[in-house]
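Here the structure is laid out as structure tokens; the discussion comes afterwards.
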Amino acid sequence: METLNLVAQYLPRLLYGAFLTLMVAVISFVLSFIVGMVMAQMRLSRLAWVRWLASAYSSVLRGVPELVWMLLLFYGIQMWLNQWIEFFGFGQIDINPFTAGVLVLTLIYGAYFTETIRGAIMAIPSGQLEAGIAYGMNKWQVFKRITFPLMMRFALPGIQNNWLALSKATAVVSIIGLEDVVRVAQQAGIVEHRSLLFNFLSAVVFLFLTVGSIALFRYLDRTYRKGIVEVRYE
């Protein structure tokens with residue numbers, strides 16, 4: 001009974017923390033997917049310097065852990081920018097934890113989406129795109145009606161893995177002060193001397209997010225695989 005009362009006492013803060021976690025994950029996912037789409041097109045460009053820029057972005061962002069980038073942006077780069085701004089007599093920049101978390105996760109997972117989407121586009125049979133052009137479609141129509149649906153069919157497994165990794169990486173944002181579910185659970189565990197209980201509750205939140213995400217991606221997979229006949233060998 002005491003445990004239930006304790007959970008009920010912190011439940012509003014835990015739910016709000018879970019909401020912040022979900023918002024960081026969803027916004028970062030949408031933005032990183034857009035970044036990945038742009039960078040994937042650059043990776044497939046005919047211009048060597050454009051391919052080099054996109055490749056350098058992908059390699060550098062994936063080569064450093066999320067925590068390091070988070071601390072680097074929130075503390076290091078922010079202080080460096082403010083020193084220059086102060087030198088020129090302007091007001092200081094104050095990046096809040098939510099914005100910093102979304103920005104860092106967007107840049108990092110945009111690099112992962114770059115490779116996921118690039119591989120999916122390369123898997124599309126060239127004859128499909130040529131048929132669209134021969135039919136009289138412009139570039140936007142070819143992308144909307146052929147490239148994007150076929151790309152999603154090939155990219156969905158990778159997109160799902162990136163989303164699951166990104167949603168769990170949101171826990172890193174608690175390091176810079178965001179009152180997400182991880183930080184709330186840690187603080188409550190310390191105050192009440194019940195770390196196991198509250199950390200378990202935060203783990204349950206991420207588990208529910210994962211289960212719901214898997215169900216959603218199964219629906220998307222069925223949607224984008226319509227019309228495909230699967231051949232099974234026994």
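Here's how to read the names in the structure tokens: chain A, B, ... by the order shown, residue numbers from 1 in each chain, ligand numbers from 1 in the order shown.
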Quiz prompt | Test item: residues at most 10 Å from Arg183 of chain A, only C-alpha atoms, excluding those fewer than 5 positions along its chain, as number ranges by chain | solution = A: 14, 17, 171-178, 188-189, 199, 202
Quiz prompt | Residue nearest Tyr10 of chain A among A:Ala56, A:Val184, A:Leu61, A:Leu164 (counting only C-alpha atoms) | solution = A:Val184
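Minimum atom-to-atom distances from A:Tyr109, A:Phe198, A:Phe74, A:Tyr16 to Val60 of chain A were compared using only C-alpha atoms, and the lowest value belongs to A:Tyr109.
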Quiz prompt | Ser213 of chain A environment, 9 Å, only C-alpha atoms, sequence neighbours closer than 3 positions dropped, as a list in words | solution =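 The filter keeps Gln160, Trp163, Leu164, Phe208, Leu209, Thr210, Leu216, Phe217 and Arg218 of chain A.
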Practice problem: Considering only C-alpha atoms, state which residue in the set A:Met23, A:Ile117, A:Leu129, A:Leu11 is at the smallest distance from Met152 of chain A. | Solution: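 Ranking A:Met23, A:Ile117, A:Leu129, A:Leu11 by distance to Met152 of chain A, first place goes to A:Ile117.
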Quiz item: When you draw a straight line from atom CA of Ala111 of chain A to atom CA of Asn138 of chain A, how long is it in Å?
Solution: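 Taking atom CA of Ala111 of chain A as the start and atom CA of Asn138 of chain A as the end point, the length is 28.4 Å.
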Self-check item: Proximity to Asp180 of chain A - best of A:Phe98, A:Trp52, A:Tyr112, A:Phe33, only C-alpha atoms
Solution: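 For Asp180 of chain A, the nearest of the candidates is A:Phe98.
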Exercise. Output as a PyMOL selection string all residues of chain A that backbone DSSP marks as helix (DSSP H, G or I).
Key: chain A and resi 2-43+48-63+66-87+97-122+126-134+139-176+181-192+195-224
Quiz item: What is the distance, in Å and to one decimal place, between atom CA of Leu201 of chain A and atom CA of Leu166 of chain A?
Solution: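 Those two atoms sit 19.5 Å apart.
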